[in-house]
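Below is run20.txt, holding compact mmCIF, C-alpha atoms.
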```
# COMPACT_ATOMS: atom_id res chain seq x y z
CA MET A 1 0.00 0.00 0.00
CA THR A 2 1.25 3.48 -0.76
CA VAL A 3 0.17 6.56 1.16
CA LYS A 4 0.90 9.83 -0.53
CA TRP A 5 1.55 12.55 2.03
CA ASN A 6 -0.48 15.71 1.53
CA ASP A 7 -1.91 18.60 3.47
CA SER A 8 -5.25 16.89 3.80
CA ILE A 9 -3.68 14.04 5.81
CA ARG A 10 -1.79 16.52 7.95
CA ALA A 11 -4.97 18.46 8.64
CA LYS A 12 -6.81 15.27 9.58
CA ILE A 13 -4.03 14.23 11.96
CA LEU A 14 -4.01 17.63 13.67
CA ALA A 15 -7.80 17.68 13.93
CA GLY A 16 -7.82 14.12 15.28
CA ALA A 17 -5.16 14.94 17.85
CA THR A 18 -7.22 17.94 18.93
CA ASP A 19 -10.32 15.73 19.17
CA GLY A 20 -8.30 13.44 21.44
CA LEU A 21 -7.14 16.34 23.59
CA GLY A 22 -10.78 17.39 23.94
CA VAL A 23 -11.74 13.92 25.13
CA PHE A 24 -8.82 13.95 27.55
CA ALA A 25 -9.82 17.38 28.91
CA GLY A 26 -13.32 15.99 29.44
CA ARG A 27 -11.88 13.14 31.49
CA ILE A 28 -10.07 15.68 33.71
CA VAL A 29 -13.27 17.65 34.32
CA GLU A 30 -15.19 14.46 35.07
CA SER A 31 -12.49 13.20 37.42
CA GLY A 32 -12.15 16.55 39.21
CA ASN A 33 -15.90 16.83 39.68
CA ASP A 34 -16.05 13.24 40.88
CA SER A 35 -13.47 14.02 43.58
CA ILE A 36 -15.48 17.07 44.69
CA LEU A 37 -18.74 15.12 44.82
CA ASN A 38 -17.60 11.74 46.10
CA ASP A 39 -14.23 11.82 47.90
CA PRO A 40 -14.59 11.73 51.70
CA LYS A 41 -14.26 15.08 53.50
CA THR A 42 -13.00 15.45 57.05
CA GLY A 43 -13.20 19.20 57.67
CA VAL A 44 -15.58 21.19 59.85
CA LYS A 45 -19.37 20.76 59.52
CA TYR A 46 -20.73 24.30 59.45
CA ARG A 47 -24.39 24.71 60.37
CA ASN A 48 -25.10 27.05 57.45
CA LEU A 49 -23.64 24.72 54.80
CA PRO A 50 -25.30 21.54 53.56
CA ASN A 51 -22.25 19.26 53.54
CA GLN A 52 -19.20 18.62 55.66
CA SER A 53 -16.36 20.89 54.55
CA SER A 54 -13.02 19.64 53.29
CA ALA A 55 -9.83 19.61 55.31
CA PRO A 56 -6.66 21.09 53.76
CA GLY A 57 -5.27 18.83 51.07
CA GLU A 58 -8.64 17.19 50.34
CA SER A 59 -10.69 18.09 47.29
CA PRO A 60 -13.25 20.82 48.05
CA ALA A 61 -16.64 19.83 49.40
CA ASN A 62 -19.70 20.32 47.24
CA GLN A 63 -21.70 23.08 48.94
CA SER A 64 -23.62 25.28 46.48
CA GLY A 65 -22.85 23.12 43.42
CA ASP A 66 -21.35 26.14 41.62
CA LEU A 67 -17.84 24.71 41.44
CA VAL A 68 -18.95 21.42 39.88
CA ARG A 69 -21.33 23.18 37.46
CA SER A 70 -18.54 25.50 36.35
CA GLY A 71 -16.40 22.60 35.10
CA HIS A 72 -16.22 22.45 31.30
CA THR A 73 -13.81 22.02 28.42
CA ARG A 74 -12.60 24.43 25.73
CA VAL A 75 -11.20 23.05 22.51
CA ASN A 76 -9.32 25.25 20.05
CA TYR A 77 -8.86 23.63 16.64
CA GLU A 78 -6.69 26.48 15.35
CA LYS A 79 -4.12 26.19 18.11
CA HIS A 80 -4.70 22.44 18.61
CA GLU A 81 -5.34 22.95 22.31
CA ALA A 82 -7.87 21.73 24.82
CA GLU A 83 -8.44 23.04 28.32
CA ALA A 84 -10.20 21.68 31.39
CA VAL A 85 -11.72 24.75 33.02
CA TRP A 86 -13.46 25.48 36.32
CA ASN A 87 -14.39 29.15 36.32
CA ALA A 88 -16.42 29.46 39.51
CA PRO A 89 -15.08 32.37 41.60
CA GLU A 90 -13.75 30.05 44.31
CA ALA A 91 -12.10 27.55 41.92
CA ALA A 92 -8.56 28.99 41.90
CA LYS A 93 -8.69 29.76 45.62
CA MET A 94 -9.60 26.15 46.37
CA GLU A 95 -7.06 24.67 43.97
CA TYR A 96 -4.10 26.83 44.96
CA GLY A 97 -5.10 28.21 48.37
CA THR A 98 -4.65 31.82 49.45
CA GLU A 99 -2.79 33.56 52.24
CA ARG A 100 -5.67 32.50 54.51
CA ILE A 101 -6.88 29.22 53.04
CA ALA A 102 -4.76 26.10 52.59
CA PRO A 103 -5.11 24.47 49.14
CA ARG A 104 -7.89 21.95 48.41
CA PRO A 105 -6.61 20.69 45.06
CA PHE A 106 -8.94 18.91 42.66
CA ALA A 107 -7.76 19.83 39.13
CA ARG A 108 -4.09 18.87 39.31
CA PRO A 109 -4.80 15.53 41.02
CA ALA A 110 -7.37 14.83 38.27
CA LEU A 111 -4.75 15.63 35.62
CA MET A 112 -2.24 13.26 37.26
CA LYS A 113 -4.86 10.54 37.63
CA GLN A 114 -5.96 10.77 34.00
CA SER A 115 -2.54 11.32 32.40
CA PRO A 116 -2.09 7.63 31.42
CA ASN A 117 -5.12 8.07 29.09
CA LEU A 118 -3.66 10.97 27.10
CA LYS A 119 -1.77 8.93 24.52
CA GLY A 120 -4.71 6.61 23.89
CA ASP A 121 -7.19 9.47 23.52
CA VAL A 122 -5.00 11.26 20.97
CA ASN A 123 -4.34 8.03 19.06
CA GLU A 124 -8.06 7.25 18.95
CA GLY A 125 -8.90 10.77 17.76
CA ILE A 126 -6.41 10.49 14.91
CA ARG A 127 -7.58 6.98 14.01
CA ARG A 128 -11.19 8.17 13.71
CA ARG A 129 -10.29 11.11 11.47
CA LEU A 130 -8.18 8.96 9.19
CA GLY A 131 -10.55 6.00 9.26
CA MET B 1 7.30 7.40 55.30
CA ILE B 2 8.72 10.10 53.05
CA ALA B 3 10.08 13.05 55.03
CA LEU B 4 9.62 15.33 52.05
CA SER B 5 8.09 18.30 53.86
CA GLU B 6 10.94 18.41 56.34
CA ALA B 7 13.50 18.08 53.54
CA LEU B 8 11.93 21.00 51.66
CA ARG B 9 11.75 23.11 54.82
CA THR B 10 15.37 22.39 55.75
CA ALA B 11 16.55 23.29 52.25
CA LEU B 12 14.55 26.53 52.22
CA LEU B 13 15.72 27.58 55.69
CA ALA B 14 19.32 27.10 54.58
CA ASN B 15 18.92 29.56 51.69
CA ASP B 16 19.63 33.14 52.77
CA ASP B 17 18.13 34.55 49.55
CA VAL B 18 14.81 33.03 50.63
CA THR B 19 14.86 33.58 54.37
CA ARG B 20 15.87 37.23 54.17
CA CYS B 21 12.57 37.95 52.38
CA LEU B 22 10.45 36.42 55.13
CA GLY B 23 9.15 37.43 58.52
CA GLU B 24 9.71 35.43 61.68
CA TYR B 25 7.46 32.70 63.07
CA ILE B 26 8.21 31.03 66.42
CA GLY B 27 11.79 32.24 66.38
CA GLU B 28 12.60 31.12 62.83
CA PRO B 29 12.05 32.48 59.31
CA ALA B 30 8.41 31.90 58.38
CA VAL B 31 8.76 28.72 56.31
CA ILE B 32 5.64 26.80 57.23
CA VAL B 33 4.51 23.32 56.23
CA ARG B 34 0.87 23.96 55.68
CA ASP B 35 -1.64 21.44 56.80
CA ARG B 36 -3.53 24.30 58.43
CA THR B 37 -3.05 28.04 58.21
CA PRO B 38 -1.73 29.00 61.62
CA SER B 39 -2.84 32.21 63.26
CA GLN B 40 -0.40 35.01 64.08
CA VAL B 41 1.79 34.44 61.02
CA PRO B 42 3.86 37.39 59.82
CA SER B 43 2.77 39.16 56.65
CA LYS B 44 5.71 37.80 54.66
CA VAL B 45 5.36 34.04 54.80
CA LEU B 46 6.23 30.97 52.74
CA TYR B 47 3.99 27.89 52.77
CA ILE B 48 4.95 24.38 51.69
CA SER B 49 1.84 22.48 50.62
CA PRO B 50 1.11 18.86 51.39
CA ASN B 51 1.16 16.55 48.35
CA ILE B 52 -0.98 18.09 45.63
CA GLY B 53 -0.93 14.86 43.68
CA ASP B 54 1.19 11.79 43.20
CA SER B 55 1.51 8.99 40.70
CA ASN B 56 3.10 5.68 41.50
CA ARG B 57 5.90 4.43 39.31
CA ASP B 58 6.61 1.32 41.34
CA GLY B 59 8.59 -1.63 40.13
CA LEU B 60 8.10 -5.17 41.43
CA ALA B 61 10.26 -4.55 44.48
CA THR B 62 10.79 -0.83 44.49
CA TYR B 63 8.82 2.24 45.44
CA GLN B 64 9.07 5.15 43.09
CA ALA B 65 6.70 8.07 42.71
CA MET B 66 6.22 11.45 41.11
CA ILE B 67 4.96 13.93 43.70
CA LEU B 68 3.59 17.42 43.13
CA ARG B 69 4.11 20.08 45.77
CA GLN B 70 3.41 23.80 45.78
CA ILE B 71 5.39 26.55 47.42
CA SER B 72 3.44 29.77 47.98
CA ILE B 73 4.89 33.05 49.18
CA TYR B 74 2.68 35.89 50.38
CA GLY B 75 3.20 39.43 51.54
CA ASP B 76 1.57 42.83 51.42
CA GLN B 77 1.21 44.60 48.06
CA LYS B 78 3.99 47.00 49.05
CA ASP B 79 6.33 44.00 49.40
CA ALA B 80 5.61 42.71 45.87
CA PRO B 81 9.19 43.15 44.53
CA LEU B 82 10.58 41.33 47.56
CA ILE B 83 8.10 38.46 47.19
CA GLU B 84 8.93 38.17 43.48
CA ARG B 85 12.66 38.00 44.28
CA CYS B 86 11.97 35.34 46.90
CA ALA B 87 9.92 33.28 44.43
CA ASP B 88 12.71 33.51 41.85
CA ALA B 89 15.21 32.36 44.49
CA VAL B 90 13.00 29.36 45.32
CA ARG B 91 12.78 28.33 41.68
CA LEU B 92 16.49 28.80 41.16
CA MET B 93 17.41 26.63 44.15
CA PHE B 94 15.23 23.69 43.07
CA HIS B 95 14.85 23.68 39.29
CA ARG B 96 16.77 20.74 37.80
CA LYS B 97 18.70 20.40 41.07
CA PRO B 98 17.70 17.03 42.55
CA PHE B 99 20.66 17.17 44.94
CA SER B 100 19.18 20.24 46.63
CA LEU B 101 16.91 17.89 48.60
CA SER B 102 18.13 15.32 51.06
CA ILE B 103 15.44 12.80 52.05
CA PRO B 104 16.39 9.93 54.36
CA ASP B 105 16.05 6.50 52.61
CA PHE B 106 15.13 8.10 49.29
CA LYS B 107 16.97 9.32 46.21
CA VAL B 108 15.57 12.29 44.31
CA LEU B 109 15.70 11.29 40.64
CA SER B 110 14.42 14.52 39.18
CA LEU B 111 13.21 17.86 40.45
CA MET B 112 11.49 20.44 38.29
CA ALA B 113 10.25 23.81 39.50
CA SER B 114 7.76 25.85 37.49
CA GLN B 115 8.18 29.54 36.83
CA PRO B 116 6.60 31.60 39.65
CA VAL B 117 3.03 32.63 38.85
CA SER B 118 0.50 34.80 40.59
CA ALA B 119 -1.08 33.13 43.63
CA PRO B 120 -4.74 33.80 44.45
CA VAL B 121 -5.29 36.05 47.48
CA SER B 122 -8.28 36.58 49.75
CA ASP B 123 -7.39 40.21 50.45
CA VAL B 124 -6.71 42.76 47.69
CA ASN B 125 -3.92 44.25 49.80
CA LYS B 126 -2.02 41.00 49.67
CA PHE B 127 0.37 39.74 47.01
CA GLY B 128 1.36 36.17 46.29
CA ARG B 129 3.55 34.05 44.05
CA MET B 130 3.57 30.28 43.78
CA ILE B 131 5.91 27.68 42.35
CA GLY B 132 4.99 24.10 41.48
CA LEU B 133 7.50 21.37 42.23
CA SER B 134 7.49 17.99 40.44
CA ILE B 135 9.64 15.62 42.46
CA GLU B 136 10.44 12.09 41.34
CA ILE B 137 11.72 9.94 44.19
CA HIS B 138 13.00 6.40 44.49
CA GLN B 139 13.15 4.44 47.74
CA LEU B 140 16.66 3.16 48.42
CA THR B 141 15.66 0.31 50.73
CA PRO B 142 13.36 -2.44 49.37
CA ALA B 143 9.75 -1.34 49.78
CA PHE B 144 7.95 -4.67 49.61
```

Would you write the structure of this file as structure tokens?
Amino acid sequence: MTVKWNDSIRAKILAGATDGLGVFAGRIVESGNDSILNDPKTGVKYRNLPNQSSAPGESPANQSGDLVRSGHTRVNYEKHEAEAVWNAPEAAKMEYGTERIAPRPFARPALMKQSPNLKGDVNEGIRRRLG
Amino acid sequence: MIALSEALRTALLANDDVTRCLGEYIGEPAVIVRDRTPSQVPSKVLYISPNIGDSNRDGLATYQAMILRQISIYGDQKDAPLIERCADAVRLMFHRKPFSLSIPDFKVLSLMASQPVSAPVSDVNKFGRMIGLSIEIHQLTPAF
């Protein structure tokens, strides 16, 4: 079999890789939200909040639902990028902490947990575009 | 058990470029391993986070892991240049310098420090920078 290289193949490969990155970013959002919703929390139980709060180092507790709802992906086919985004106002403060609040990371642990899937997702995206 | 927090704290306390930027906490430069935020900390303070994430890279009879940590440095807005210098000093002392950390029973295989970036603050009068550390360690004694 002979495959003649051309710009159309290149474009399909780049688009497929970007598809794969989008799938991978979706996994990160899903995994981060899962840790917020389901991981055990051992912090203080405040009377005015529905759920037990997280202790430092744990993923944040789900209180208003805003943080989980804010999780989404952005895929850019021009730059061949995909992002996992949580844009609730408290997201960065929970992930990185502040001068007053110790970090409650959920995004970076999700990235580490899902990283073994990256290669497979990109390969599958390319396979589908070329298939 | 991996005495990583203590190793990071010892290394940071030994670096004059870092400690001279910080206030004092319980008789020492304010380098604090942060499982809670203590009260009465000085305005210029450095926090070492617990593990942000880790991934196991074990062999059949060895323990090896990649661990993420975060170092955050805070001060008042007026101290911003000092905090930035401190953050640069932290990156410089760790980036690609695995021998900068001495952890009993472990060998540091690789150590990467990210460029300092803006750290979220709760108070608009505060200023913060943070550095991510990716530390790959290997246990010297058999783990299993």

May I ask which of the residues B:Ser39, B:Asn15, B:Thr141, B:Ser134 is the closest one to Gly53 (chain B), counting all atoms listed in the file? B:Ser134

Closest pair table for chain A residues within 6 Å of chain B, only C-alpha atoms, as a Markdown table:
```
| residue | atom | partner | partner_atom | distance |
| --- | --- | --- | --- | --- |
| A:Pro56 | CA | B:Asp35 | CA | 5.9 |
| A:Lys93 | CA | B:Pro120 | CA | 5.8 |
| A:Thr98 | CA | B:Val121 | CA | 4.7 |
| A:Glu99 | CA | B:Val121 | CA | 5.9 |
| A:Pro109 | CA | B:Gly53 | CA | 4.7 |
```

Between CA of Ala107 (chain A) and CA of His72 (chain A), measure the distance and give it in Å to one decimal. 11.8 Å

For the atom pair CA of His138 (chain B) and CA of Gln64 (chain B), what is the interatomic distance in Å to one decimal place?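 Separation of CA of His138 (chain B) and CA of Gln64 (chain B): 4.4 Å.
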
CA of Ala25 (chain A) to CA of Ala11 (chain A), distance in Å rounded to a single decimal: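 So the two atoms, CA of Ala25 (chain A) and CA of Ala11 (chain A), lie 20.9 Å apart.
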
Show which residues sit within 6 Å of region 103-114 of chain B, as a ChimeraX atom specification. Count only C-alpha atoms, and ignore same-chain residues fewer than 3 positions away. /B:7,91,95-96,98,131-140

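Each of B:Thr19, B:Ser100, B:Gly27, B:Thr10 was checked against Ala87 (chain B) using all atoms listed in the file; the smallest atom-to-atom distance is that of B:Thr19.
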
Show me as a ChimeraX atom specification the residues that reach within 12 Å of (-17.8, 19.5, 57.6), counting only C-alpha atoms and using the file's own coordinates. /A:40-56,58,60-63

Tell me which of A:Met112, A:Glu83, A:Gly22, A:Glu30 sits closest to Asn56 (chain B), counting all atoms listed in the file. A:Met112

From (-11.8, 26.6, 31.9), in the file's coordinates, out to 10 Å: which residues are reached, counting all atoms listed in the file? Answer as a list in words.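 Checked against the point, the hits come out as Ala25, Val29, Ser70, Gly71, His72, Thr73, Arg74, Ala82, Glu83, Ala84, Val85, Trp86, Asn87 and Ala88 of chain A.
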
Show me, as a list in words, the residues that have an atom within 7 Å of Val23 (chain A) when counting all atoms listed in the file, minus same-chain residues fewer than 4 positions from it.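 My reading of the contact set: Asp19, Arg27 and Asp121 of chain A.
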
Residues at most 6 Å from Ser59 (chain A), counting only C-alpha atoms, excluding those fewer than 3 positions away in the same chain, as a PyMOL selection string? chain A and resi 36+104-106

Which residue out of B:Ala61, B:Leu13, B:Ala80, B:Ile26 has the minimum interatomic distance to Asn125 (chain B) when all atoms listed in the file are used?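 Between B:Ala61, B:Leu13, B:Ala80, B:Ile26, the residue approaching Asn125 (chain B) most closely is B:Ala80.
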